[in-house]
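Student: Before we start, here is the structure in question, set down as structure tokens.
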Amino acid sequence: MKSVTEKRLLRIYNRMYDAYGPQDWWPADSAFEVMLGAILTQNTSWHNVEKAIKNIKDAGLLNVRKLACVPLNRLKKLIKPSGFYNIKALRLKNFMGFLKKMYGYSLNKMRKVETDILRNELLSISGIGKETADSILLYAFERSVFVIDAYTKRILYRHGLVGKDAEYDRVQGIFTENLKRDTGLYNEFHALIVRTAKEKCKSRAPDCKTCPLNGV
DNA sequence: GACCAGGCACATC
DNA sequence: GATGTGCATGGT
């Protein structure tokens with residue numbers, strides 16, 4: 001028996017899927033690249049993040065052990081195009097220090113850890129908040145964790161499912177308490193929200209005619 | 001030239 | 001607990 005909210009969420013999902021199709025997220029070739037991107041994209045357009053990741057790739061450093069050895073100042077230069085490079089370089093260092101300390105740089109060991117424990121570990125790292133942690137859990141480790149970002153809050157607010165300043169956990173609960181735990185669905189749903197938001201209407205104007213969510 | 005982008009930590013009240 | 005602020009590049 002589907003709840004009213006579940007039906008609404010699925011209607012939103014289907015509209016976006018029909019308009020844009022599968023998004024094939026996360027745009028990365030490895031779990032480590034997902035993690036780098038998740039930190040670099042904090043309050044930053046993906047376009048700029050791609051430049052930073054390309055710099056790291058071109059330098060042959062897209063590898064946990066290699067990148068961990070790069071001096072801070074060189075790391076700053078490599079990620080400069082993604083903005084906030086001073087603070088983000090420190091965050092990457094914090095994160096890689098965590099990987100070394102907890103897992104000896106082994107993402108396979110990390111992969112064996114239970115989701116709630118892993119989430120708490122990630123949140124304990126300075127520079128990794130809920131959205132970044134959940135992005136890593138969903139897109140690097142295929143866990144059924146719903147990622148909430150500014151777009152998601154905006155869309156749920158626009159559709160009257162949460163209040164204007166609803167907290168992260170509250171917004172996340174709307175999805176996880178009403179949808180079945182399905183990693184593939186969560187993956188595609190969040191990706192489609194970002195895609196929809198990037199289109200012209202930005203999912204903002206209530207009277208937008210081109211938005212696939214208009215009238216849902 | 002203003003505004004925005006796939007947040008987060010920290011200071012202050 | 002809530003609100004405000006710094007962090008910075010590059011595209012529109």
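Chain identifiers are assigned as A, B, and so on, following the order in which chains appear in the structure tokens; residues are numbered from 1 within each chain, and ligands are numbered from 1 in order of appearance.
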Contacts from chain C to chain A, 6 Å maximum, only C-alpha atoms (C1' of nucleotides): show me the residue list as a VMD selection string.

Tutor: chain C and resid 7 to 9

Student: Near chain A, meaning an atom within 8 Å, which residues of chain B appear when counting only C-alpha atoms (C1' of nucleotides)? Write them as an MDAnalysis selection string.

Tutor: chainID B and resid 5:9

Student: Could you dump the residues just selected with C-alpha atoms (C1' of nucleotides) as a JSON list (two decimals), in the first residue's frame?

Tutor:
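Resulting contents of again11.json:
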```json
[["chain", "number", "residue", "atom", "x", "y", "z"],
["B", 5, "DA", "C1'", 27.35, 27.03, -7.95],
["B", 6, "DG", "C1'", 25.85, 19.34, -6.27],
["B", 7, "DG", "C1'", 28.65, 22.91, 1.85],
["B", 8, "DC", "C1'", 31.05, 23.26, 5.94],
["B", 9, "DA", "C1'", 33.02, 24.98, 10.23]]
```

Student: Contacts of Asp18 (chain A) at 12 Å or less, counting only C-alpha atoms (C1' of nucleotides), minus same-chain residues fewer than 3 places along, as a list in words?

Tutor: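 The filter keeps Leu10, Arg11, Ile12, Tyr13, Asn14, Arg15, Gly21, Pro22, Gln23, Leu192, Thr196, Cys211, Pro212 and Leu213 of chain A.
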
Student: Would you save the residues of that selection, restricted to N, CA and C atoms, as a short mmCIF file (atom, residue, chain, number, x, y, z; two decimals), in the first residue's frame?

Tutor:
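Final output, part16.cif:
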```
data_model
loop_
_atom_site.label_atom_id
_atom_site.label_comp_id
_atom_site.auth_asym_id
_atom_site.auth_seq_id
_atom_site.Cartn_x
_atom_site.Cartn_y
_atom_site.Cartn_z
N LEU A 10 7.05 9.56 -6.24
CA LEU A 10 7.26 8.77 -7.45
C LEU A 10 6.77 9.52 -8.69
N ARG A 11 5.74 10.34 -8.49
CA ARG A 11 5.25 11.14 -9.63
C ARG A 11 6.32 12.15 -10.03
N ILE A 12 6.92 12.77 -9.02
CA ILE A 12 8.01 13.72 -9.28
C ILE A 12 9.16 13.00 -9.99
N TYR A 13 9.52 11.83 -9.47
CA TYR A 13 10.61 11.05 -10.06
C TYR A 13 10.31 10.69 -11.51
N ASN A 14 9.11 10.20 -11.75
CA ASN A 14 8.77 9.77 -13.11
C ASN A 14 8.75 10.92 -14.10
N ARG A 15 8.29 12.08 -13.65
CA ARG A 15 8.29 13.25 -14.54
C ARG A 15 9.72 13.59 -14.97
N GLY A 21 15.67 11.09 -18.70
CA GLY A 21 16.23 9.74 -18.77
C GLY A 21 17.27 9.49 -17.70
N PRO A 22 17.91 8.30 -17.74
CA PRO A 22 18.89 7.96 -16.71
C PRO A 22 20.11 8.88 -16.77
N GLN A 23 20.60 9.27 -15.62
CA GLN A 23 21.71 10.23 -15.55
C GLN A 23 23.08 9.56 -15.39
N LEU A 192 18.65 13.11 -10.90
CA LEU A 192 17.63 13.77 -11.71
C LEU A 192 17.22 15.12 -11.12
N THR A 196 17.49 18.41 -13.23
CA THR A 196 16.32 19.27 -13.41
C THR A 196 16.62 20.70 -12.97
N CYS A 211 9.50 23.31 -17.02
CA CYS A 211 9.94 22.39 -15.96
C CYS A 211 9.09 21.12 -15.96
N PRO A 212 9.74 19.95 -15.96
CA PRO A 212 8.96 18.70 -15.96
C PRO A 212 8.12 18.52 -14.71
N LEU A 213 8.43 19.30 -13.68
CA LEU A 213 7.67 19.18 -12.43
C LEU A 213 6.48 20.10 -12.37
#
```

Student: One decimal, Å: what's the distance from CA of Glu33 (chain A) over to CA of Leu122 (chain A), could you say?

Tutor: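 Between CA of Glu33 (chain A) and CA of Leu122 (chain A) the gap is 16.1 Å.
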